[in-house]
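Novice: Below you will find the structure I want to go over with you.
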Amino acid sequence: DAGVTQSPTHLIKTRGQQVTLRCSPKSGHDTVSWYQQALGQGPQFIFQYYEEEERQRGNFPDRFSGHQFPNYSSELNVNALLLGDSALYLCASSFRDRVSYNEQFFGPGTRLTVL
Amino acid sequence: TQLLEQSPQFLSIQEGENLTVYCNSSSVFSSLQWYRQEPGEGPVLLVTVVTGGEVKKLKRLTFQFGDARKDSSLHITAAQPGDTGLYLCAGAGSGANNLFFGTGTRLTVIP
């Protein structure tokens, strides 16, 4: 049973460029959340997708956008990259019901470096 | 924004010692998770606590949820080098499916 997978593992971009990160959720999960983790800090919630729609959003500008596909996989897009966007981007999957108590399972992350 | 503060921020102990990590907030959470994260990897879920006053044990790790569901603690008995890592607490608000993460406690266990 494959866990959450993310690609690519590492990425180097320059300021102003655009980037797309990809995530495949754990088998049986229908909800994907994205988090940004700056060095030395805890993850910060970006947004969450369920049934191909953005359901919740954290305090991130609209340069950050996403998409969820019918197979529950998801993409995170960041436009007009800034140096401050350098971080580990984490994808987490979960099953949207009351029993799971918001338990989220994380992928290994994509390390984005903006030069 | 619901804030979770963890203490201590850094902890370095000898193998065999006991330790406690605290996670505190002024907000009430419907559930609280503890994760451990290794360098370059994603957080790994250790436990979920839901009921105020709940205590859960995972081998040498004991997790407690505060009665008011605003705080939690993680106690490790007889720490081992394999316990080294970043410990994160994360709370979920009522009706919300996203997690608010604490600042993290970086634990180093010296052999």
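Identifiers in this document derive from the order of the structure tokens: chains are assigned A, B, ..., residues are numbered from 1 separately in each chain, and ligands are numbered from 1 in order of occurrence.
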Write out as a compact mmCIF listing (two decimals) with N, CA and C atoms, in the first residue's frame all residues of chain B that DSSP puts in strand (DSSP E) for this structure's backbone.
Specialist:
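Saved as selection-v1.txt:
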# COMPACT_ATOMS: atom_id res chain seq x y z
N GLU B 5 2.04 26.74 20.90
CA GLU B 5 3.42 26.97 21.29
C GLU B 5 3.97 25.72 21.94
N GLN B 6 5.15 25.31 21.50
CA GLN B 6 5.80 24.14 22.07
C GLN B 6 7.01 24.56 22.89
N SER B 7 7.25 23.81 23.93
CA SER B 7 8.43 24.04 24.74
C SER B 7 8.96 22.71 25.27
N PHE B 10 14.40 23.47 21.89
CA PHE B 10 15.51 22.53 21.67
C PHE B 10 15.74 21.74 22.95
N LEU B 11 16.10 20.48 22.79
CA LEU B 11 16.37 19.62 23.94
C LEU B 11 17.44 18.62 23.56
N SER B 12 18.51 18.59 24.36
CA SER B 12 19.59 17.65 24.13
C SER B 12 19.82 16.87 25.42
N ILE B 13 19.63 15.56 25.36
CA ILE B 13 19.73 14.74 26.56
C ILE B 13 20.58 13.51 26.30
N GLN B 14 20.97 12.85 27.39
CA GLN B 14 21.73 11.61 27.29
C GLN B 14 20.77 10.44 27.14
N LEU B 19 12.12 12.69 29.42
CA LEU B 19 11.87 14.07 29.02
C LEU B 19 10.39 14.28 28.77
N THR B 20 9.99 15.55 28.87
CA THR B 20 8.61 15.92 28.57
C THR B 20 8.61 17.14 27.66
N VAL B 21 7.78 17.09 26.63
CA VAL B 21 7.60 18.20 25.70
C VAL B 21 6.17 18.69 25.86
N TYR B 22 6.02 20.03 25.85
CA TYR B 22 4.71 20.63 26.07
C TYR B 22 4.21 21.36 24.84
N CYS B 23 2.88 21.34 24.68
CA CYS B 23 2.22 21.98 23.56
C CYS B 23 1.04 22.76 24.14
N ASN B 24 1.08 24.08 24.04
CA ASN B 24 0.08 24.91 24.70
C ASN B 24 -0.59 25.88 23.76
N SER B 31 -9.33 17.89 18.16
CA SER B 31 -8.38 16.79 18.25
C SER B 31 -6.98 17.37 18.16
N LEU B 32 -6.03 16.59 18.59
CA LEU B 32 -4.65 17.04 18.54
C LEU B 32 -3.78 15.85 18.13
N GLN B 33 -2.89 16.10 17.20
CA GLN B 33 -1.97 15.06 16.74
C GLN B 33 -0.54 15.40 17.13
N TRP B 34 0.25 14.36 17.34
CA TRP B 34 1.69 14.51 17.51
C TRP B 34 2.37 13.82 16.33
N TYR B 35 3.36 14.52 15.77
CA TYR B 35 4.14 14.00 14.66
C TYR B 35 5.62 14.05 15.01
N ARG B 36 6.39 13.16 14.37
CA ARG B 36 7.85 13.25 14.43
C ARG B 36 8.38 13.40 13.01
N GLN B 37 9.31 14.32 12.84
CA GLN B 37 9.84 14.58 11.51
C GLN B 37 11.36 14.46 11.53
N VAL B 44 5.70 12.26 10.43
CA VAL B 44 5.07 10.95 10.57
C VAL B 44 4.15 10.99 11.79
N LEU B 45 2.89 10.62 11.58
CA LEU B 45 1.90 10.66 12.65
C LEU B 45 2.23 9.64 13.74
N LEU B 46 2.28 10.12 14.99
CA LEU B 46 2.53 9.24 16.14
C LEU B 46 1.22 8.87 16.83
N VAL B 47 0.38 9.87 17.09
CA VAL B 47 -0.84 9.61 17.86
C VAL B 47 -1.84 10.73 17.63
N THR B 48 -3.12 10.40 17.84
CA THR B 48 -4.19 11.40 17.85
C THR B 48 -4.92 11.29 19.17
N VAL B 49 -5.12 12.43 19.84
CA VAL B 49 -5.91 12.45 21.07
C VAL B 49 -7.14 13.31 20.83
N VAL B 55 -5.24 9.92 27.89
CA VAL B 55 -3.83 9.52 27.92
C VAL B 55 -3.65 8.35 26.98
N LYS B 56 -2.66 8.44 26.10
CA LYS B 56 -2.35 7.33 25.20
C LYS B 56 -0.88 6.99 25.32
N LYS B 57 -0.60 5.68 25.26
CA LYS B 57 0.79 5.23 25.36
C LYS B 57 1.18 4.51 24.08
N LEU B 58 2.39 4.80 23.62
CA LEU B 58 2.96 4.17 22.45
C LEU B 58 4.36 3.75 22.84
N LEU B 61 6.53 6.15 24.79
CA LEU B 61 5.97 7.49 24.64
C LEU B 61 4.59 7.55 25.27
N THR B 62 4.34 8.57 26.08
CA THR B 62 3.04 8.79 26.70
C THR B 62 2.53 10.16 26.31
N PHE B 63 1.34 10.20 25.77
CA PHE B 63 0.72 11.43 25.31
C PHE B 63 -0.49 11.75 26.18
N GLN B 64 -0.64 13.02 26.53
CA GLN B 64 -1.79 13.42 27.32
C GLN B 64 -2.43 14.66 26.71
N PHE B 65 -3.76 14.66 26.67
CA PHE B 65 -4.53 15.80 26.19
C PHE B 65 -5.10 16.51 27.42
N ASP B 71 -4.25 22.00 25.54
CA ASP B 71 -2.84 21.73 25.66
C ASP B 71 -2.60 20.22 25.68
N SER B 72 -1.35 19.85 25.47
CA SER B 72 -0.99 18.45 25.43
C SER B 72 0.47 18.31 25.84
N SER B 73 0.83 17.09 26.24
CA SER B 73 2.22 16.82 26.57
C SER B 73 2.63 15.48 26.00
N LEU B 74 3.93 15.38 25.76
CA LEU B 74 4.53 14.13 25.28
C LEU B 74 5.66 13.80 26.24
N HIS B 75 5.60 12.63 26.85
CA HIS B 75 6.64 12.20 27.78
C HIS B 75 7.33 10.98 27.18
N ILE B 76 8.65 11.03 27.14
CA ILE B 76 9.44 9.90 26.66
C ILE B 76 10.24 9.34 27.82
N GLY B 85 14.80 13.73 16.67
CA GLY B 85 13.99 14.27 15.59
C GLY B 85 13.26 15.51 16.02
N LEU B 86 12.44 16.03 15.11
CA LEU B 86 11.62 17.21 15.39
C LEU B 86 10.22 16.72 15.75
N TYR B 87 9.76 17.06 16.95
CA TYR B 87 8.44 16.67 17.40
C TYR B 87 7.49 17.85 17.22
N LEU B 88 6.39 17.58 16.52
CA LEU B 88 5.42 18.62 16.21
C LEU B 88 4.05 18.24 16.76
N CYS B 89 3.40 19.18 17.41
CA CYS B 89 2.00 18.97 17.76
C CYS B 89 1.15 19.75 16.75
N ALA B 90 -0.03 19.26 16.48
CA ALA B 90 -0.91 19.91 15.51
C ALA B 90 -2.34 19.76 15.97
N GLY B 91 -3.06 20.86 16.00
CA GLY B 91 -4.43 20.85 16.46
C GLY B 91 -5.42 21.11 15.33
N ALA B 92 -6.58 20.51 15.45
CA ALA B 92 -7.66 20.73 14.48
C ALA B 92 -8.81 21.41 15.21
N PHE B 100 -3.33 23.11 12.56
CA PHE B 100 -2.47 24.21 12.98
C PHE B 100 -1.30 23.59 13.72
N PHE B 101 -0.10 23.81 13.22
CA PHE B 101 1.07 23.18 13.79
C PHE B 101 1.75 24.07 14.82
N THR B 105 9.63 20.94 18.64
CA THR B 105 10.71 20.71 19.61
C THR B 105 11.73 19.80 18.96
N ARG B 106 12.94 20.31 18.86
CA ARG B 106 14.01 19.51 18.24
C ARG B 106 14.75 18.76 19.33
N LEU B 107 14.59 17.43 19.31
CA LEU B 107 15.19 16.56 20.34
C LEU B 107 16.42 15.87 19.79
N THR B 108 17.49 15.90 20.57
CA THR B 108 18.70 15.15 20.26
C THR B 108 19.02 14.25 21.44
N VAL B 109 19.12 12.96 21.18
CA VAL B 109 19.47 12.01 22.23
C VAL B 109 20.89 11.52 21.96
N ILE B 110 21.76 11.81 22.90
CA ILE B 110 23.19 11.50 22.73
C ILE B 110 23.49 10.11 23.27
Novice: Check every residue of chain A for an atom within 7 Å of chain B, counting only C-alpha atoms, and provide those that qualify as a ChimeraX atom specification.
Specialist: /A:41-45,90,101-102,105-109
Novice: I'd like the neighbourhood of region 21-26 of chain A as an MDAnalysis selection string, where a residue qualifies if any of its atoms comes within 9 Å (using only C-alpha atoms), though same-chain residues fewer than 2 positions away should be ignored.
Specialist: chainID A and resid 1:8 19 28:32 71:78 89:94 105:107 110
Novice: Mind pulling up the distance from CA of Leu11 (chain A) to CA of Leu115 (chain A)?
Specialist: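 Computing the Euclidean distance for CA of Leu115 (chain A) and CA of Leu11 (chain A) yields 10.8 Å.
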